[in-house]
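Trainee: Let me begin by handing over the structure; questions about it come next.
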Amino acid sequence: MQVDLRVPDPTTMYKLLIGCVVPRPIAWVSSVDADGVRNLAPFSYFMAITHDPPTIAFSSSPRGVEVPGTPGKKDTLRNVELTREFVVNVVDDDLAEQINVTSGDYPAEVDEFTQAGLAAAPSVQVKAPRVAAAPINMECRVVQILPIGNLPHHLVIGEIVHLHVRDDVYDATTGRIDMRRLRPVGRLAGHQYTHVHDIFEMKRPAVDYKG
């Protein structure tokens, strides 16, 4: 099959892209609005950018329309634009069902923590709460928000200012996260997700490799 991207069909391209770029990590983003209403939503257009300073990014797609012909913004993006803060919570096997609940398209006044039956925990350096049961929480402050694409999407770039790592998934002897204990969930396409259980190692041809 050949796809001529000079004449793209956005729906077709979306289906192909999310099937080609797999598996994707999930940014389960918690935020608050001006009235303190909590929001929690997953984003699989998500990546680490640099570790010095620790910086991550996720992309928020448009939601509905605000005025005829003008795409709207998701609650997460509105909150992050306003407060300039957010938390990324890591999803493990035990939280897969709850993340699916929070992926629903709810009105702004709905608290997804309550909707999914999740306990919230206070953050240390940002106002947004974190998912108490998540194995890792990354408190972030916005570095930049960039509109990208025709609709547009918005790329939210944040610096991690505080990190919470559950003791059982941290290996103090190596300073690494234990993937077998973390059991992260990845995003595929359509209704499909994946467990990270089948792990193998390949050593890089570099004696001083730090990763």
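FYI, nothing fancy with the structure tokens labels: chains A, B, ... in order, residues from 1 per chain, ligands from 1 as they appear.
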Which residues come within 7 Å of Val196 (chain A), counting only C-alpha atoms, excluding same-chain residues fewer than 4 positions away, as a list in words?

Mentor: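 Neighbouring residues, sequence-local ones excluded: Arg183, Pro184 and Val185 of chain A.
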
Trainee: With C-alpha atoms retained, write the just-selected residues as an mmCIF file, in the first residue's frame.

Mentor:
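To be explicit, this is the file written out as part18.cif:
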data_model
loop_
_atom_site.group_PDB
_atom_site.id
_atom_site.type_symbol
_atom_site.label_atom_id
_atom_site.label_comp_id
_atom_site.auth_asym_id
_atom_site.auth_seq_id
_atom_site.Cartn_x
_atom_site.Cartn_y
_atom_site.Cartn_z
ATOM 1 C CA ARG A 183 4.412 -3.102 35.046
ATOM 2 C CA PRO A 184 3.556 -0.058 32.896
ATOM 3 C CA VAL A 185 0.666 -0.026 30.441
#

Trainee: From a DSSP calculation on the backbone, collect every residue of region 6-203 of chain A in strand (DSSP E) and output the set as a ChimeraX atom specification.

Mentor: /A:27-32,38-43,46-51,54-60,65-67,70-71,85-89,120-121,130-131,136-148,153-165,170-171,176-177,185-187,193-195

Trainee: Using only C-alpha atoms, which of the listed residues (A:His153, A:Arg180, A:Arg204, A:His164) sits closest to Asp92 (chain A)?

Mentor: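 Using only C-alpha atoms, Asp92 (chain A) sits closest to A:Arg180.
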
Trainee: Between CA of Asn100 (chain A) and CA of Val32 (chain A), what is the spacing in Å?

Mentor: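 Atom-to-atom, CA of Val32 (chain A) to CA of Asn100 (chain A), that is 19.7 Å.
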
Trainee: Select, from A:Ala27, A:Ala189, A:Leu146, A:Val80, the residue with the minimum atom-to-atom distance to Phe58 (chain A), counting only C-alpha atoms.

Mentor: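 Of A:Ala27, A:Ala189, A:Leu146, A:Val80, the one nearest Phe58 (chain A), counting only C-alpha atoms, is A:Ala27.
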
Trainee: Which is closer to Met138 (chain A) than all the others in A:Leu77, A:Ala48, A:Leu95, A:Leu188, using only C-alpha atoms?

Mentor: A:Ala48

Trainee: Counting only C-alpha atoms, which of A:Thr114, A:Thr174, A:Asn137, A:Gln125 gets nearest to Val87 (chain A)?

Mentor: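 That would be A:Asn137, the residue with the smallest distance to Val87 (chain A).
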
Trainee: Which one is closest to Asp35 (chain A): A:Val7, A:Val88, A:Ala96, A:Ala128? Count only C-alpha atoms.

Mentor: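 Nearest to Asp35 (chain A): A:Ala128.
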
Trainee: List as a CSV table (one decimal) with all heavy atoms, in the first residue's frame the protein and nucleic acid residues near Arg38 (chain A), meaning an atom at most 8 Å away when only C-alpha atoms are counted, but skip any in the same chain fewer than 3 places from it.

Mentor:
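Printed below is part-v5.csv as written:
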chain,number,residue,atom,x,y,z
A,30,SER,N,-3.0,15.1,35.6
A,30,SER,CA,-3.9,15.7,36.5
A,30,SER,C,-3.7,17.2,36.6
A,30,SER,O,-2.5,17.6,36.5
A,30,SER,CB,-3.8,15.0,37.9
A,30,SER,OG,-2.5,15.0,38.3
A,31,SER,N,-4.8,17.9,36.7
A,31,SER,CA,-4.7,19.4,36.7
A,31,SER,C,-5.9,19.9,37.5
A,31,SER,O,-6.8,19.2,37.9
A,31,SER,CB,-4.7,19.9,35.3
A,31,SER,OG,-5.9,19.6,34.6
A,32,VAL,N,-5.9,21.2,37.7
A,32,VAL,CA,-7.1,21.9,38.4
A,32,VAL,C,-7.5,23.1,37.6
A,32,VAL,O,-6.6,23.7,37.0
A,32,VAL,CB,-6.8,22.2,39.9
A,32,VAL,CG1,-6.7,21.0,40.7
A,32,VAL,CG2,-5.6,23.1,40.0
A,33,ASP,N,-8.7,23.5,37.7
A,33,ASP,CA,-9.2,24.7,37.1
A,33,ASP,C,-9.1,25.9,38.1
A,33,ASP,O,-8.7,25.7,39.2
A,33,ASP,CB,-10.5,24.6,36.4
A,33,ASP,CG,-11.7,24.4,37.4
A,33,ASP,OD1,-11.5,24.6,38.6
A,33,ASP,OD2,-12.8,24.0,36.9
A,110,VAL,N,-17.0,18.0,35.9
A,110,VAL,CA,-16.9,16.6,36.4
A,110,VAL,C,-15.5,16.4,36.9
A,110,VAL,O,-14.5,16.7,36.3
A,110,VAL,CB,-17.3,15.6,35.4
A,110,VAL,CG1,-16.9,14.2,35.8
A,110,VAL,CG2,-18.8,15.7,35.0
A,111,ASP,N,-15.4,15.8,38.1
A,111,ASP,CA,-14.1,15.5,38.7
A,111,ASP,C,-13.8,14.0,38.4
A,111,ASP,O,-14.5,13.1,38.8
A,111,ASP,CB,-14.2,15.6,40.3
A,111,ASP,CG,-12.9,15.3,41.0
A,111,ASP,OD1,-12.1,14.5,40.5
A,111,ASP,OD2,-12.7,15.8,42.1
A,112,GLU,N,-12.8,13.8,37.5
A,112,GLU,CA,-12.5,12.4,37.0
A,112,GLU,C,-11.9,11.6,38.1
A,112,GLU,O,-12.0,10.3,38.0
A,112,GLU,CB,-11.6,12.5,35.8
A,112,GLU,CG,-12.2,12.9,34.5
A,112,GLU,CD,-12.3,14.4,34.3
A,112,GLU,OE1,-11.9,15.1,35.2
A,112,GLU,OE2,-12.8,14.8,33.3
A,113,PHE,N,-11.3,12.1,39.1
A,113,PHE,CA,-10.9,11.3,40.3
A,113,PHE,C,-12.1,10.6,40.9
A,113,PHE,O,-12.0,9.4,41.2
A,113,PHE,CB,-10.2,12.2,41.3
A,113,PHE,CG,-8.8,12.6,41.0
A,113,PHE,CD1,-8.5,13.7,40.3
A,113,PHE,CD2,-7.7,11.8,41.5
A,113,PHE,CE1,-7.2,14.0,40.0
A,113,PHE,CE2,-6.4,12.1,41.3
A,113,PHE,CZ,-6.1,13.2,40.5
A,128,ALA,N,-1.9,21.1,41.5
A,128,ALA,CA,-2.6,19.9,40.9
A,128,ALA,C,-2.4,18.7,41.8
A,128,ALA,O,-1.2,18.4,42.2
A,128,ALA,CB,-2.2,19.6,39.5
A,129,PRO,N,-3.4,17.9,42.1
A,129,PRO,CA,-3.2,16.7,42.9
A,129,PRO,C,-2.6,15.6,42.0
A,129,PRO,O,-2.5,15.7,40.8
A,129,PRO,CB,-4.7,16.3,43.3
A,129,PRO,CG,-5.5,16.8,42.2
A,129,PRO,CD,-4.8,18.1,41.7

Trainee: Show me, as a ChimeraX atom specification, the residues that have an atom within 10 Å of Val22 (chain A) when counting only C-alpha atoms, minus same-chain residues fewer than 2 positions from it.

Mentor: /A:17-20,24-25,44,186-189,193-194

Trainee: Could you dump the residues just selected with N, CA and C atoms as a CSV table (one decimal), in the first residue's frame?

Mentor:
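Heads up, here's the output in selection-v6.csv:
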chain,number,residue,atom,x,y,z
A,17,LEU,N,-1.3,6.5,11.8
A,17,LEU,CA,-0.2,7.0,12.6
A,17,LEU,C,-0.2,6.3,14.0
A,18,ILE,N,-1.4,6.2,14.6
A,18,ILE,CA,-1.4,5.6,15.9
A,18,ILE,C,-1.2,4.1,15.9
A,19,GLY,N,-1.3,3.5,14.7
A,19,GLY,CA,-1.0,2.1,14.5
A,19,GLY,C,0.5,1.9,14.2
A,20,CYS,N,1.1,2.9,13.7
A,20,CYS,CA,2.6,2.8,13.3
A,20,CYS,C,3.5,3.2,14.5
A,24,ARG,N,2.9,3.3,22.7
A,24,ARG,CA,3.2,4.6,23.2
A,24,ARG,C,3.0,4.7,24.7
A,25,PRO,N,3.9,5.4,25.4
A,25,PRO,CA,3.7,5.6,26.9
A,25,PRO,C,2.5,6.5,27.1
A,44,SER,N,-1.7,9.9,24.9
A,44,SER,CA,-0.6,9.0,24.5
A,44,SER,C,0.3,9.6,23.4
A,186,GLY,N,1.0,0.4,28.1
A,186,GLY,CA,1.2,1.1,26.9
A,186,GLY,C,0.0,1.2,26.0
A,187,ARG,N,0.0,2.3,25.2
A,187,ARG,CA,-1.2,2.5,24.3
A,187,ARG,C,-0.9,2.0,22.9
A,188,LEU,N,-1.8,1.3,22.3
A,188,LEU,CA,-1.7,0.9,20.9
A,188,LEU,C,-2.7,1.7,20.0
A,189,ALA,N,-3.6,1.0,19.3
A,189,ALA,CA,-4.5,1.8,18.5
A,189,ALA,C,-5.9,1.3,18.8
A,193,TYR,N,-4.6,-1.7,24.2
A,193,TYR,CA,-3.5,-1.4,25.1
A,193,TYR,C,-2.5,-2.6,25.1
A,194,THR,N,-1.4,-2.4,25.8
A,194,THR,CA,-0.5,-3.5,26.0
A,194,THR,C,0.1,-3.5,27.4

Trainee: Leaving out Arg141 (chain A) and any residue of its chain fewer than 6 positions from it, which residues lie within 8 Å of it when counting only C-alpha atoms, given as number ranges by chain?

Mentor: A: 84-86, 126, 158-161

Trainee: Mind writing the picked residues with N, CA and C atoms as a compact mmCIF listing (two decimals), in the first residue's frame?

Mentor:
# COMPACT_ATOMS: atom_id res chain seq x y z
N ARG A 84 -0.39 26.87 34.62
CA ARG A 84 1.00 26.62 34.22
C ARG A 84 1.62 25.48 35.02
N GLU A 85 0.77 24.56 35.50
CA GLU A 85 1.23 23.42 36.29
C GLU A 85 0.41 22.19 35.94
N PHE A 86 0.99 21.02 36.17
CA PHE A 86 0.27 19.76 35.99
C PHE A 86 1.09 18.62 36.60
N VAL A 126 3.32 21.76 43.24
CA VAL A 126 2.28 22.29 42.36
C VAL A 126 0.92 22.08 43.02
N GLY A 158 6.75 20.55 29.69
CA GLY A 158 6.85 20.83 31.12
C GLY A 158 8.14 20.34 31.73
N GLU A 159 8.65 21.10 32.69
CA GLU A 159 9.83 20.67 33.43
C GLU A 159 9.38 19.98 34.72
N ILE A 160 9.94 18.81 34.98
CA ILE A 160 9.62 18.09 36.21
C ILE A 160 10.33 18.78 37.38
N VAL A 161 9.53 19.23 38.36
CA VAL A 161 10.10 19.94 39.50
C VAL A 161 10.08 19.09 40.77

Trainee: Could you please determine the separation between CA of Gln144 (chain A) and CA of Glu109 (chain A) in Å, to one decimal place?

Mentor: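 Between these atoms lies a distance of 26.0 Å.
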
Trainee: Let me make sure I understand: among A:Ile136, A:Val142, A:Leu82, A:Met202, which one has the smallest atom-to-atom distance to Arg181 (chain A) if we use only C-alpha atoms?

Mentor: A:Ile136

Trainee: Leaving out Tyr106 (chain A) and any residue of its chain fewer than 6 positions from it, which residues lie within 10 Å of it when counting only C-alpha atoms, given as number ranges by chain?

Mentor: A: 39, 74-75, 112, 115

Trainee: Once you have the residues from the selection above, write them out as a short mmCIF file (atom, residue, chain, number, x, y, z; two decimals), in the first residue's frame, restricted to N, CA and C atoms.

Mentor:
data_model
loop_
_atom_site.label_atom_id
_atom_site.label_comp_id
_atom_site.auth_asym_id
_atom_site.auth_seq_id
_atom_site.Cartn_x
_atom_site.Cartn_y
_atom_site.Cartn_z
N ASN A 39 -9.14 17.62 37.43
CA ASN A 39 -9.30 16.97 36.13
C ASN A 39 -8.22 15.93 35.98
N LYS A 74 -9.49 20.88 25.18
CA LYS A 74 -9.80 19.96 26.26
C LYS A 74 -9.60 20.65 27.60
N ASP A 75 -10.30 20.13 28.63
CA ASP A 75 -10.21 20.73 29.96
C ASP A 75 -8.78 20.75 30.47
N GLU A 112 -12.83 13.80 37.50
CA GLU A 112 -12.52 12.45 37.03
C GLU A 112 -11.94 11.56 38.13
N GLN A 115 -15.06 10.23 39.46
CA GLN A 115 -15.69 9.41 38.44
C GLN A 115 -15.05 8.02 38.37
#

Trainee: Just how far from CA of Lys15 (chain A) is CA of Pro62 (chain A), in Å to one decimal?

Mentor: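 Between CA of Pro62 (chain A) and CA of Lys15 (chain A) the gap works out to 16.3 Å.
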